[in-house]
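A.B. asks: Quick one: the structure is below, questions incoming.
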Amino acid sequence: MKTIDQMIDDLVAREGGYVNHPADHGGPTCWGITQAKAREHGYTGDMRNLPKSKAREIYWQDFITVPGIDLLAKRSPRLAAEALDTGVNMGAPWGIMFLQTALNALNTGGNDWPDLPKIDGSYGARTDAALAACQKRRVGEQWEDVLLMAVNVQQGARYLDIIARSPTQEAFGWGWLRNRVLLAA
C-alpha cells in the first residue's frame, strides 16, 4: 500500500513541470499547482520555478489535510489516492464528494448503513463510519473496486459535462478520460 508521500510523488510525476496551455482555465501551472493556488500560499515567483517542495506543502495542506485524505488513507489507500488525484484535477472536495455520493447510492436505501446527511467533500467521522460499514457489509464483494468504479463514473460524467458547457475544454477531454478515469479504474 502506498503512503501519502508516495501518492504525492506519483501525482507530481503525472502532473509534470511547468505548463501554460491557452485553454486551461487554471493558467500557468507547475507540478499540478495553479498560479492562483501558489499565490494563496505566498509564492510570488515565476511558476516555472515553483519548487517541488512548495508544491508538496500545498498538496499536504489543501488537498490532503483539509478534505481528510489522510484519514481516508488509513481505511483505503486506493480510495485515498483516487480522491487525491480527482481533487487536484477538479478541486479538493470533489474526490470525497464522489465517494460520499457513492456510499449513499449503494447503501440499499439506508438499510446497510445510514445515508450521509451532507455531501460536503470532507472525510470525517460520518463518512468514515459509512465506509467502515460498507467494508464490513460487502466483505468478499470487491467493495473497494466497486467504490472506485462509482467514483470514476462520476468523475467521467463531470468531465463530459465540463466539456459540454465549455467546448474549449475538449483539448483536455481525451487525456482526462484516459489518464484520470480509465487508468484509475
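Labeling convention for the C-alpha cells: chains A, B, ... as they appear, residues from 1 per chain, ligands from 1 in order of appearance.
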Give me the residues within 10 Å of Gln135 in chain A as a list in words, counting only C-alpha atoms and dropping any in the same chain fewer than 5 places off.
C.D. replies: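 Final neighbour list, sorted by chain and number: Arg75, Ser76, Ala129, Ala130, Gly140, Glu141, Gln142, Trp143 and Glu144 of chain A.
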A.B. asks: Can I get the selected residues back with N, CA and C atoms, as a PDB file, in the first residue's frame?
C.D. replies:
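Dumped everything to part.pdb:
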ATOM      1  N   ARG A  75      -8.052   3.845   6.041  1.00  0.00           N
ATOM      2  CA  ARG A  75      -9.028   2.789   5.751  1.00  0.00           C
ATOM      3  C   ARG A  75      -8.833   2.221   4.348  1.00  0.00           C
ATOM      4  N   SER A  76      -8.509   3.081   3.383  1.00  0.00           N
ATOM      5  CA  SER A  76      -8.354   2.617   1.999  1.00  0.00           C
ATOM      6  C   SER A  76      -7.358   3.503   1.246  1.00  0.00           C
ATOM      7  N   ALA A 129     -17.416   6.216   9.126  1.00  0.00           N
ATOM      8  CA  ALA A 129     -18.314   5.177   9.644  1.00  0.00           C
ATOM      9  C   ALA A 129     -19.082   4.509   8.500  1.00  0.00           C
ATOM     10  N   ALA A 130     -19.518   5.283   7.530  1.00  0.00           N
ATOM     11  CA  ALA A 130     -20.224   4.707   6.377  1.00  0.00           C
ATOM     12  C   ALA A 130     -19.289   3.802   5.577  1.00  0.00           C
ATOM     13  N   GLY A 140     -15.603  -9.430   0.850  1.00  0.00           N
ATOM     14  CA  GLY A 140     -15.630 -10.501  -0.147  1.00  0.00           C
ATOM     15  C   GLY A 140     -16.368 -10.139  -1.417  1.00  0.00           C
ATOM     16  N   GLU A 141     -16.896  -8.929  -1.486  1.00  0.00           N
ATOM     17  CA  GLU A 141     -17.663  -8.497  -2.660  1.00  0.00           C
ATOM     18  C   GLU A 141     -16.969  -7.375  -3.427  1.00  0.00           C
ATOM     19  N   GLN A 142     -15.671  -7.307  -3.346  1.00  0.00           N
ATOM     20  CA  GLN A 142     -14.893  -6.293  -4.061  1.00  0.00           C
ATOM     21  C   GLN A 142     -15.367  -4.876  -3.724  1.00  0.00           C
ATOM     22  N   TRP A 143     -15.629  -4.639  -2.440  1.00  0.00           N
ATOM     23  CA  TRP A 143     -16.176  -3.346  -2.006  1.00  0.00           C
ATOM     24  C   TRP A 143     -15.337  -2.175  -2.499  1.00  0.00           C
ATOM     25  N   GLU A 144     -14.013  -2.317  -2.429  1.00  0.00           N
ATOM     26  CA  GLU A 144     -13.132  -1.222  -2.820  1.00  0.00           C
ATOM     27  C   GLU A 144     -13.189  -0.989  -4.331  1.00  0.00           C
TER      28      GLU A 144
END
A.B. asks: Can you check which residues of chain A DSSP gives as alpha helix (DSSP H) on the backbone and send them as an MDAnalysis selection string?
C.D. replies: chainID A and resid 4:15 35:40 52:58 69:75 77:90 94:105 125:137 143:165 170:175
A.B. asks: Can you tell me, as a list in words, which residues in range 29-92 of chain A count as strand (DSSP E) by DSSP?
C.D. replies: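 Of range 29-92 of chain A, only Thr29, Cys30, Ile33 and Thr34 of chain A fall in strand (DSSP E).
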A.B. asks: Give me the residues of range 112-146 of chain A that have any atom at most 12 Å from an atom of range 77-89 of chain A; for each, the nearest atom pair and the distance in Å, rounded to one decimal. Use only C-alpha atoms, sort by chain and number, and format it as a tab-separated table.
C.D. replies:
residue	atom	partner	partner_atom	distance
A:Gly121	CA	A:Gly87	CA	9.6
A:Ser122	CA	A:Ala83	CA	11.0
A:Tyr123	CA	A:Ala80	CA	10.1
A:Asp128	CA	A:Ala80	CA	12.0
A:Leu131	CA	A:Leu79	CA	10.5
A:Trp143	CA	A:Leu79	CA	10.9
A:Glu144	CA	A:Leu79	CA	7.4
A:Asp145	CA	A:Leu79	CA	9.1
A:Val146	CA	A:Leu79	CA	10.6
A.B. asks: Just the residues within 12 Å of range 154-156 of chain A, please, counting only C-alpha atoms, with nothing from its chain fewer than 4 positions along; format it as a ChimeraX atom specification.
C.D. replies: /A:82-83,85-87,89-91,94-102,105,147-150,160-163,173-185
A.B. asks: For those residues, write N, CA and C atoms to a file as a CSV table (one decimal), in the first residue's frame.
C.D. replies:
chain,number,residue,atom,x,y,z
A,82,GLU,N,-7.2,7.9,-5.3
A,82,GLU,CA,-8.1,8.3,-6.3
A,82,GLU,C,-8.7,9.7,-5.9
A,83,ALA,N,-9.1,9.8,-4.6
A,83,ALA,CA,-9.7,11.1,-4.2
A,83,ALA,C,-8.8,12.2,-4.3
A,85,ASP,N,-6.1,12.5,-6.4
A,85,ASP,CA,-5.9,12.8,-7.8
A,85,ASP,C,-7.1,13.5,-8.4
A,86,THR,N,-8.3,13.1,-8.1
A,86,THR,CA,-9.6,13.8,-8.5
A,86,THR,C,-9.6,15.2,-7.9
A,87,GLY,N,-9.3,15.4,-6.7
A,87,GLY,CA,-9.3,16.7,-6.0
A,87,GLY,C,-8.3,17.6,-6.7
A,89,ASN,N,-7.2,17.6,-9.7
A,89,ASN,CA,-7.7,18.0,-11.1
A,89,ASN,C,-9.0,18.8,-11.1
A,90,MET,N,-9.9,18.5,-10.2
A,90,MET,CA,-11.2,19.1,-10.2
A,90,MET,C,-11.5,20.1,-9.1
A,91,GLY,N,-10.7,20.1,-8.0
A,91,GLY,CA,-10.9,20.9,-6.8
A,91,GLY,C,-10.9,20.0,-5.6
A,94,TRP,N,-13.9,17.4,-4.5
A,94,TRP,CA,-14.6,16.5,-5.5
A,94,TRP,C,-14.4,15.0,-5.3
A,95,GLY,N,-13.2,14.6,-5.0
A,95,GLY,CA,-13.0,13.2,-4.8
A,95,GLY,C,-13.8,12.6,-3.6
A,96,ILE,N,-13.8,13.3,-2.5
A,96,ILE,CA,-14.5,12.9,-1.4
A,96,ILE,C,-16.0,13.0,-1.6
A,97,MET,N,-16.5,14.1,-2.3
A,97,MET,CA,-17.9,14.2,-2.7
A,97,MET,C,-18.4,13.0,-3.5
A,98,PHE,N,-17.5,12.6,-4.5
A,98,PHE,CA,-17.9,11.4,-5.3
A,98,PHE,C,-18.0,10.2,-4.4
A,99,LEU,N,-17.1,10.0,-3.5
A,99,LEU,CA,-17.1,8.8,-2.6
A,99,LEU,C,-18.4,8.9,-1.7
A,100,GLN,N,-18.7,10.1,-1.2
A,100,GLN,CA,-19.9,10.2,-0.3
A,100,GLN,C,-21.2,9.9,-1.1
A,101,THR,N,-21.2,10.4,-2.3
A,101,THR,CA,-22.4,10.1,-3.2
A,101,THR,C,-22.5,8.6,-3.5
A,102,ALA,N,-21.4,8.0,-3.7
A,102,ALA,CA,-21.4,6.5,-4.0
A,102,ALA,C,-21.9,5.8,-2.7
A,105,ALA,N,-25.6,6.1,-2.5
A,105,ALA,CA,-26.3,5.4,-3.5
A,105,ALA,C,-26.2,3.9,-3.4
A,147,LEU,N,-16.5,0.8,-5.2
A,147,LEU,CA,-16.5,2.2,-4.9
A,147,LEU,C,-15.6,3.0,-5.8
A,148,LEU,N,-14.4,2.4,-6.1
A,148,LEU,CA,-13.5,3.1,-7.1
A,148,LEU,C,-14.2,3.3,-8.4
A,149,MET,N,-14.9,2.3,-8.9
A,149,MET,CA,-15.6,2.4,-10.2
A,149,MET,C,-16.7,3.5,-10.0
A,150,ALA,N,-17.4,3.5,-8.9
A,150,ALA,CA,-18.5,4.5,-8.7
A,150,ALA,C,-17.9,5.9,-8.7
A,160,LEU,N,-17.3,15.1,-18.9
A,160,LEU,CA,-18.1,15.3,-20.1
A,160,LEU,C,-19.0,16.5,-20.0
A,161,ASP,N,-19.5,16.8,-18.8
A,161,ASP,CA,-20.3,18.0,-18.5
A,161,ASP,C,-19.5,19.2,-18.7
A,162,ILE,N,-18.3,19.2,-18.2
A,162,ILE,CA,-17.4,20.4,-18.3
A,162,ILE,C,-17.2,20.7,-19.8
A,163,ILE,N,-16.9,19.7,-20.6
A,163,ILE,CA,-16.7,19.8,-22.0
A,163,ILE,C,-17.9,20.3,-22.7
A,173,GLY,N,-10.2,16.6,-22.9
A,173,GLY,CA,-11.1,15.6,-22.7
A,173,GLY,C,-10.5,14.2,-22.8
A,174,TRP,N,-9.8,13.9,-23.9
A,174,TRP,CA,-9.2,12.6,-24.1
A,174,TRP,C,-8.3,12.2,-23.0
A,175,GLY,N,-7.4,13.1,-22.7
A,175,GLY,CA,-6.4,12.9,-21.6
A,175,GLY,C,-7.1,12.7,-20.2
A,176,TRP,N,-8.1,13.5,-20.0
A,176,TRP,CA,-8.8,13.4,-18.7
A,176,TRP,C,-9.4,12.0,-18.6
A,177,LEU,N,-10.1,11.5,-19.6
A,177,LEU,CA,-10.8,10.2,-19.6
A,177,LEU,C,-9.8,9.1,-19.6
A,178,ARG,N,-8.7,9.2,-20.4
A,178,ARG,CA,-7.8,8.1,-20.5
A,178,ARG,C,-6.9,8.1,-19.2
A,179,ASN,N,-6.4,9.2,-18.8
A,179,ASN,CA,-5.4,9.2,-17.7
A,179,ASN,C,-6.0,9.3,-16.3
A,180,ARG,N,-7.1,9.9,-16.2
A,180,ARG,CA,-7.7,10.1,-14.9
A,180,ARG,C,-8.9,9.1,-14.5
A,181,VAL,N,-9.6,8.6,-15.6
A,181,VAL,CA,-10.7,7.8,-15.3
A,181,VAL,C,-10.4,6.3,-15.7
A,182,LEU,N,-10.0,6.1,-16.9
A,182,LEU,CA,-9.7,4.7,-17.4
A,182,LEU,C,-8.5,4.1,-16.6
A,183,LEU,N,-7.4,4.8,-16.6
A,183,LEU,CA,-6.2,4.2,-15.9
A,183,LEU,C,-6.4,4.1,-14.4
A,184,ALA,N,-7.3,4.8,-13.9
A,184,ALA,CA,-7.5,4.7,-12.4
A,184,ALA,C,-8.5,3.6,-12.1
A,185,ALA,N,-9.2,3.1,-13.0
A,185,ALA,CA,-10.2,2.1,-12.8
A,185,ALA,C,-9.6,0.7,-12.5
A.B. asks: To one decimal in Å, tell me the separation between CA of Ala73 in chain A and CA of Tyr43 in chain A.
C.D. replies: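 Between CA of Ala73 in chain A and CA of Tyr43 in chain A the gap is 28.4 Å.
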A.B. asks: Which distance in Å separates CA of Pro67 in chain A and CA of His41 in chain A, to one decimal?
C.D. replies: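 Calculated distance between CA of Pro67 in chain A and CA of His41 in chain A is 17.2 Å.
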A.B. asks: For a test of reading the model, state the distance in Å between CA of Gly16 in chain A and CA of Trp31 in chain A, rounded to one decimal.
C.D. replies: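 Going from CA of Gly16 in chain A over to CA of Trp31 in chain A covers 5.2 Å.
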